[in-house]
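Q: Contents of input20.tsv (TSV, C-alpha atoms and all ligand atoms) are given next:
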chain	number	residue	atom	x	y	z
A	1	MET	CA	-137.93	172.69	-33.92
A	2	GLU	CA	-137.13	170.16	-31.30
A	3	GLU	CA	-140.80	169.51	-30.85
A	4	LYS	CA	-141.19	168.88	-34.59
A	5	ILE	CA	-138.42	166.33	-34.55
A	6	MET	CA	-139.96	164.72	-31.53
A	7	LYS	CA	-143.28	164.53	-33.31
A	8	LYS	CA	-141.67	163.04	-36.38
A	9	MET	CA	-139.83	160.55	-34.26
A	10	THR	CA	-142.95	159.64	-32.39
A	11	LYS	CA	-144.79	159.13	-35.65
A	12	ALA	CA	-141.99	156.97	-36.97
A	13	ALA	CA	-141.84	155.03	-33.74
A	14	VAL	CA	-145.57	154.43	-33.85
A	15	LEU	CA	-145.28	153.19	-37.42
A	16	VAL	CA	-142.39	150.88	-36.55
A	17	MET	CA	-144.29	149.60	-33.55
A	18	ALA	CA	-147.41	149.01	-35.61
A	19	ALA	CA	-145.44	147.11	-38.23
A	20	ALA	CA	-143.74	145.06	-35.52
A	21	MET	CA	-147.08	144.32	-33.95
A	22	MET	CA	-148.55	143.24	-37.25
A	23	THR	CA	-145.83	140.74	-37.87
A	24	ALA	CA	-145.57	139.65	-34.26
A	25	VAL	CA	-149.28	139.14	-33.69
A	26	PRO	CA	-149.69	135.48	-32.97
A	27	VAL	CA	-152.17	133.50	-34.98
A	28	SER	CA	-155.34	134.05	-33.02
A	29	ALA	CA	-157.06	131.07	-31.47
A	30	GLU	CA	-159.81	131.39	-34.06
A	31	ASP	CA	-157.35	130.74	-36.86
A	32	THR	CA	-155.88	127.67	-35.24
A	33	LEU	CA	-157.46	124.26	-35.28
A	34	THR	CA	-155.94	122.25	-32.46
A	35	PHE	CA	-155.91	118.50	-32.80
A	36	GLY	CA	-155.13	116.20	-29.90
A	37	THR	CA	-153.20	113.07	-30.78
A	38	ASN	CA	-150.90	110.44	-29.36
A	39	PRO	CA	-147.99	110.26	-31.78
A	40	GLU	CA	-147.12	106.65	-30.99
A	41	PHE	CA	-149.13	105.15	-33.78
A	42	PRO	CA	-147.23	104.95	-37.07
A	43	PRO	CA	-148.07	105.34	-39.94
A	44	PHE	CA	-150.95	107.52	-38.67
A	45	GLU	CA	-149.02	109.73	-36.23
A	46	TYR	CA	-145.44	109.80	-35.10
A	47	VAL	CA	-142.76	112.29	-34.19
A	48	THR	CA	-140.09	113.08	-36.74
A	49	ALA	CA	-137.49	115.81	-37.36
A	50	GLU	CA	-139.67	117.67	-39.83
A	51	GLY	CA	-143.28	116.65	-40.02
A	52	VAL	CA	-146.29	118.06	-41.86
A	53	ILE	CA	-147.35	119.84	-38.64
A	54	ASP	CA	-144.24	120.85	-36.69
A	55	THR	CA	-142.54	117.59	-35.67
A	56	TYR	CA	-145.66	115.50	-36.22
A	57	ASP	CA	-146.11	113.38	-39.30
A	58	GLY	CA	-148.27	110.57	-40.61
A	59	ILE	CA	-151.54	109.94	-42.44
A	60	ASP	CA	-153.66	111.58	-39.73
A	61	MET	CA	-151.38	114.59	-39.48
A	62	ALA	CA	-151.59	115.17	-43.25
A	63	ILE	CA	-155.39	114.85	-43.05
A	64	ALA	CA	-155.54	117.28	-40.10
A	65	LYS	CA	-153.43	119.81	-41.99
A	66	LYS	CA	-155.69	119.62	-45.04
A	67	ILE	CA	-158.85	120.04	-42.93
A	68	ALA	CA	-157.40	123.18	-41.38
A	69	GLU	CA	-156.27	124.52	-44.76
A	70	ASP	CA	-159.68	123.85	-46.33
A	71	ASN	CA	-161.10	126.16	-43.68
A	72	GLY	CA	-158.46	128.86	-43.90
A	73	MET	CA	-156.95	127.80	-40.59
A	74	THR	CA	-153.63	126.51	-39.31
A	75	ALA	CA	-153.43	123.06	-37.76
A	76	ALA	CA	-151.74	122.66	-34.38
A	77	VAL	CA	-151.08	119.46	-32.47
A	78	GLU	CA	-151.27	118.70	-28.76
A	79	ASN	CA	-149.33	115.59	-27.86
A	80	MET	CA	-150.98	113.55	-25.11
A	81	GLU	CA	-151.55	110.02	-23.89
A	82	PHE	CA	-154.13	108.06	-25.85
A	83	ASP	CA	-156.21	107.56	-22.72
A	84	SER	CA	-156.39	111.32	-22.07
A	85	LEU	CA	-157.47	112.40	-25.55
A	86	LEU	CA	-161.24	112.30	-25.13
A	87	VAL	CA	-161.15	113.96	-21.71
A	88	ALA	CA	-158.98	116.76	-23.14
A	89	LEU	CA	-161.53	117.15	-25.93
A	90	GLN	CA	-164.42	117.29	-23.48
A	91	ASN	CA	-162.55	119.91	-21.45
A	92	GLY	CA	-161.99	122.05	-24.51
A	93	GLN	CA	-158.21	121.71	-24.36
A	94	VAL	CA	-158.27	120.64	-28.01
A	95	ASP	CA	-160.79	121.29	-30.80
A	96	ALA	CA	-160.72	117.76	-32.22
A	97	VAL	CA	-159.02	114.40	-31.77
A	98	ILE	CA	-157.34	112.58	-34.64
A	99	ALA	CA	-155.51	109.49	-33.46
A	100	GLY	CA	-156.36	106.47	-35.58
A	101	MET	CA	-159.29	106.34	-33.23
A	102	THR	CA	-161.86	103.63	-33.77
A	103	VAL	CA	-165.50	104.62	-33.48
A	104	THR	CA	-167.03	102.62	-30.63
A	105	ASP	CA	-170.42	102.86	-28.90
A	106	GLU	CA	-168.71	103.66	-25.62
A	107	ARG	CA	-166.72	106.55	-27.09
A	108	LYS	CA	-169.83	107.78	-28.91
A	109	GLU	CA	-171.40	108.40	-25.52
A	110	ALA	CA	-168.66	110.93	-24.75
A	111	VAL	CA	-167.98	112.62	-28.10
A	112	ASP	CA	-169.28	112.96	-31.66
A	113	PHE	CA	-167.44	111.30	-34.54
A	114	SER	CA	-166.90	112.47	-38.11
A	115	THR	CA	-167.46	110.46	-41.26
A	116	PRO	CA	-165.01	107.51	-40.99
A	117	TYR	CA	-161.90	107.91	-43.13
A	118	TYR	CA	-160.12	104.56	-42.77
A	119	THR	CA	-161.05	100.93	-42.16
A	120	ALA	CA	-158.76	98.75	-40.08
A	121	THR	CA	-158.90	95.58	-38.02
A	122	GLN	CA	-157.02	94.12	-35.08
A	123	VAL	CA	-154.30	91.61	-35.94
A	124	MET	CA	-151.83	89.52	-33.97
A	125	ILE	CA	-148.09	90.13	-34.20
A	126	VAL	CA	-146.13	86.99	-33.33
A	127	LYS	CA	-142.61	85.61	-33.79
A	128	GLU	CA	-142.05	84.07	-37.24
A	129	ASP	CA	-141.93	80.55	-35.76
A	130	SER	CA	-145.05	80.98	-33.61
A	131	ASP	CA	-147.78	78.32	-33.70
A	132	ILE	CA	-150.51	80.92	-33.22
A	133	ALA	CA	-152.71	80.70	-36.33
A	134	LYS	CA	-156.02	82.07	-35.04
A	135	ALA	CA	-157.28	84.16	-32.14
A	136	GLU	CA	-158.26	81.19	-29.96
A	137	ASP	CA	-154.65	79.94	-30.07
A	138	MET	CA	-153.87	82.85	-27.76
A	139	ALA	CA	-155.76	81.12	-24.92
A	140	ASP	CA	-152.65	79.72	-23.19
A	141	LYS	CA	-150.21	82.37	-24.40
A	142	LYS	CA	-148.84	85.52	-22.90
A	143	ILE	CA	-150.69	88.39	-24.60
A	144	CYS	CA	-149.61	92.03	-24.77
A	145	VAL	CA	-151.95	94.90	-25.60
A	146	ILE	CA	-151.74	98.68	-25.47
A	147	GLN	CA	-153.67	100.45	-22.77
A	148	GLY	CA	-156.99	101.89	-23.88
A	149	TYR	CA	-156.73	100.63	-27.46
A	150	THR	CA	-159.57	98.65	-29.01
A	151	GLY	CA	-157.15	95.68	-29.12
A	152	GLN	CA	-157.33	95.56	-25.33
A	153	VAL	CA	-161.13	95.62	-25.49
A	154	CYS	CA	-161.13	92.70	-27.97
A	155	VAL	CA	-158.83	90.52	-25.85
A	156	ASP	CA	-160.82	91.44	-22.77
A	157	GLU	CA	-164.05	90.33	-24.44
A	158	MET	CA	-162.42	87.03	-25.46
A	159	GLY	CA	-161.83	86.48	-21.76
A	160	TYR	CA	-158.03	86.11	-21.98
A	161	GLU	CA	-155.49	87.46	-19.54
A	162	TYR	CA	-153.14	90.10	-20.87
A	163	GLU	CA	-150.52	92.60	-19.92
A	164	SER	CA	-151.04	96.17	-21.09
A	165	PHE	CA	-148.39	98.69	-22.10
A	166	LYS	CA	-148.47	102.44	-22.64
A	167	LYS	CA	-146.86	102.31	-26.06
A	168	GLY	CA	-147.00	99.96	-29.03
A	169	THR	CA	-143.20	99.95	-29.21
A	170	GLU	CA	-142.99	98.72	-25.59
A	171	ALA	CA	-145.35	95.81	-26.28
A	172	VAL	CA	-143.44	94.91	-29.45
A	173	MET	CA	-140.14	94.96	-27.52
A	174	GLU	CA	-141.60	92.44	-25.06
A	175	LEU	CA	-142.40	90.21	-28.01
A	176	VAL	CA	-138.99	90.68	-29.63
A	177	ASN	CA	-137.31	89.87	-26.30
A	178	GLY	CA	-139.39	86.73	-25.89
A	179	LYS	CA	-141.23	88.04	-22.83
A	180	CYS	CA	-144.62	87.68	-24.46
A	181	ASP	CA	-146.03	85.55	-27.30
A	182	VAL	CA	-148.39	87.89	-29.11
A	183	VAL	CA	-149.26	91.58	-29.46
A	184	VAL	CA	-152.80	92.48	-30.52
A	185	ILE	CA	-152.87	95.82	-32.34
A	186	ASP	CA	-154.32	97.64	-35.37
A	187	SER	CA	-153.38	96.29	-38.81
A	188	ALA	CA	-151.45	99.17	-40.41
A	189	THR	CA	-149.48	99.84	-37.23
A	190	ALA	CA	-148.69	96.13	-36.93
A	191	GLN	CA	-147.34	96.22	-40.48
A	192	GLN	CA	-145.07	99.04	-39.47
A	193	TYR	CA	-143.67	97.18	-36.45
A	194	VAL	CA	-143.13	94.01	-38.47
A	195	SER	CA	-141.10	95.91	-41.07
A	196	ASP	CA	-139.11	97.65	-38.33
A	197	ASN	CA	-138.22	94.46	-36.43
A	198	GLU	CA	-136.65	91.22	-37.67
A	199	GLY	CA	-138.32	87.88	-37.10
A	200	LEU	CA	-141.93	88.97	-36.64
A	201	LYS	CA	-145.05	88.21	-38.67
A	202	ILE	CA	-148.72	89.14	-38.71
A	203	VAL	CA	-151.52	86.64	-38.14
A	204	GLU	CA	-155.02	87.71	-39.14
A	205	ASP	CA	-158.29	86.24	-37.96
A	206	ALA	CA	-161.23	87.96	-39.62
A	207	ASP	CA	-163.73	85.77	-37.73
A	208	ALA	CA	-162.42	86.94	-34.38
A	209	PHE	CA	-161.60	90.57	-35.13
A	210	GLY	CA	-164.15	92.68	-36.96
A	211	ALA	CA	-163.65	95.79	-39.08
A	212	GLU	CA	-162.95	99.03	-37.23
A	213	GLU	CA	-163.47	102.51	-38.59
A	214	TYR	CA	-161.24	105.45	-37.77
A	215	ALA	CA	-162.87	108.85	-37.40
A	216	ILE	CA	-162.15	112.30	-35.97
A	217	ALA	CA	-163.81	113.18	-32.67
A	218	VAL	CA	-165.25	116.57	-31.72
A	219	GLN	CA	-167.08	117.76	-28.62
A	220	LYS	CA	-170.64	116.53	-28.37
A	221	GLY	CA	-172.93	118.91	-30.23
A	222	ASN	CA	-170.18	120.84	-32.02
A	223	THR	CA	-171.95	120.50	-35.35
A	224	GLU	CA	-170.29	123.62	-36.75
A	225	LEU	CA	-166.83	122.04	-36.60
A	226	LEU	CA	-168.11	118.56	-37.41
A	227	ASP	CA	-169.71	119.81	-40.64
A	228	LYS	CA	-166.44	121.42	-41.70
A	229	ILE	CA	-164.44	118.29	-40.89
A	230	ASN	CA	-166.93	116.07	-42.69
A	231	ALA	CA	-166.90	118.25	-45.81
A	232	SER	CA	-163.10	117.97	-45.98
A	233	ILE	CA	-163.04	114.23	-45.27
A	234	GLU	CA	-165.71	113.49	-47.84
A	235	LYS	CA	-163.81	115.50	-50.44
A	236	MET	CA	-160.56	113.67	-49.59
A	237	LEU	CA	-162.28	110.29	-49.78
A	238	GLU	CA	-163.82	111.13	-53.13
A	239	ASP	CA	-160.76	112.57	-54.84
A	240	GLY	CA	-158.49	109.78	-53.62
A	241	THR	CA	-156.36	111.95	-51.31
A	242	ILE	CA	-156.78	109.64	-48.34
A	243	SER	CA	-155.91	106.45	-50.20
A	244	GLU	CA	-152.90	108.22	-51.70
A	245	LEU	CA	-151.76	109.32	-48.25
A	246	ALA	CA	-152.25	105.81	-46.85
A	247	ALA	CA	-150.16	104.30	-49.66
A	248	GLU	CA	-147.52	107.04	-49.44
A	249	TYR	CA	-146.99	106.74	-45.67
A	250	ALA	CA	-147.05	102.94	-45.69
A	251	GLU	CA	-144.22	103.09	-48.23
A	252	VAL	CA	-142.21	105.73	-46.42
A	253	GLU	CA	-142.45	103.73	-43.25
A	254	ALA	CA	-141.49	100.43	-44.84
A	255	GLU	CA	-138.12	101.80	-45.98
B	1	LIG	N1	-157.69	102.12	-33.23
B	1	LIG	C1	-157.30	101.89	-31.89
B	1	LIG	C2	-158.27	102.53	-30.94
B	1	LIG	O1	-159.03	103.35	-31.33
B	1	LIG	C3	-155.89	102.37	-31.59
B	1	LIG	C4	-155.71	103.82	-31.84
B	1	LIG	C5	-154.40	104.43	-31.44
B	1	LIG	O2	-153.63	103.89	-30.73
B	1	LIG	N2	-154.06	105.56	-31.84
B	1	LIG	O3	-158.27	102.23	-29.78
Show the structure stored in the file as C-alpha cells.
Ligand code: GLN
A:
Amino acid sequence: MEEKIMKKMTKAAVLVMAAAMMTAVPVSAEDTLTFGTNPEFPPFEYVTAEGVIDTYDGIDMAIAKKIAEDNGMTAAVENMEFDSLLVALQNGQVDAVIAGMTVTDERKEAVDFSTPYYTATQVMIVKEDSDIAKAEDMADKKICVIQGYTGQVCVDEMGYEYESFKKGTEAVMELVNGKCDVVVIDSATAQQYVSDNEGLKIVEDADAFGAEEYAIAVQKGNTELLDKINASIEKMLEDGTISELAAEYAEVEAE
C-alpha cells in the first residue's frame, strides 16, 4: 500500500518535474540570434525603458528582431563599445553585428557584410551662428569626432586635427558647451542630436563627404547566416519595411 502511494507520488513528481523542465528550459543557443551593437547611435540603436529587444530600440533593433523572426529565432543583443564589435564577432561572442555600421574596405578584410540596408553620409553639426559652410572651413577649427566611426576616418584623411570621444553625446556636449566648433557624425544621428539640443544646426558638404552604406556584419565565410540575413533584408527593402521603420523612428526621436 505504502509502496503504491510512493510509486504514484514518484510518478506525479516526475510529471511535475518534466513540466517544470519544459517551461524552464532556456531558449537554446540555436534558437537565439545574438547581435552585437553599441546602443549610442540613435535613431538606429539606443537604450530605452521598453525596447523592441529587451531595453534596446531603434531602426537596427527592429530590423534585427525581424531577421530573427523570419528564421524562427529570437533576437538577443550584446551591448559593447563600437570599437570592440568586430573583434567580438570574430571571436564568436556574437553571431552578427548591427550598429549603423558603414561598409568599408578595411572592415571587409575582417568580416563579411550583408546587402546594405541604409544610405547615409557624414555631416557637420555646428552652432547655429557658426561660419562653417563647407568641410574645408573646419581647417582652423576645433573638431570633435567619435572614436572608430567613419567620421573620424574622413577628418583624418582631410588632414585636420581632431579630438575623439567615446560617445556621440559627449562630443555634442563639447559643442553645446563651446569647447569645440564642429562634430562630424552620420546624418540621421546628427539630426537626432540637433533636435535634442537647442542652438545647433547641420551643415552638409556632399563634395567632401561621400555616401556610406550601412550593412550587417557576420564572421568571414558564414554564408549560411549571411544568406538568411540577406533574404530578410531584401524582403524588407522591397516591401518598404525599412523605409517605414526609418521614418517611424526619425519621428519618434524628433518628439
Ligand atoms: N556609420 C559609422 C561607422 O560605421 C558610425 C556607426 C556607429 O556609430 N554606430 O563608423
Q: Please return as a PyMOL selection string every residue within 12 Å of (-147.5, 95.0, -38.7), taking into account all atoms listed in the file and the file's own coordinates.
A: chain A and resi 41-43+120-127+168-169+172+182-204+250+253-254
Q: Determine the nearest neighbour of ligand LIG 1 (chain B) from the options A:Phe113, A:Phe165, A:Tyr214, A:Tyr46, counting only C-alpha atoms and all ligand atoms.
A: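 Using only C-alpha atoms and all ligand atoms, ligand LIG 1 (chain B) sits closest to A:Tyr214.
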Q: Of the candidates A:Cys180, A:Ile233, A:Cys154, A:Ala247, which one gets nearest to ligand LIG 1 (chain B) if we count only C-alpha atoms and all ligand atoms?
A: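 Nearest candidate to ligand LIG 1 (chain B) out of A:Cys180, A:Ile233, A:Cys154, A:Ala247: A:Cys154.
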Q: Could you give me the residues within 9 Å of ligand LIG 1 (chain B), counting all atoms listed in the file, as a PyMOL selection string?
A: chain A and resi 37-42+44-45+82+98-104+120-122+146-153+167-168+185-186+189+212-214
Q: Identify which of the residues A:Gly58, A:Gly51, A:Gly36, A:Gly240 lies closest to Asp83 of chain A, counting all atoms listed in the file when measuring atom-to-atom distances.
A: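 Ranking A:Gly58, A:Gly51, A:Gly36, A:Gly240 by distance to Asp83 of chain A, first place goes to A:Gly36.
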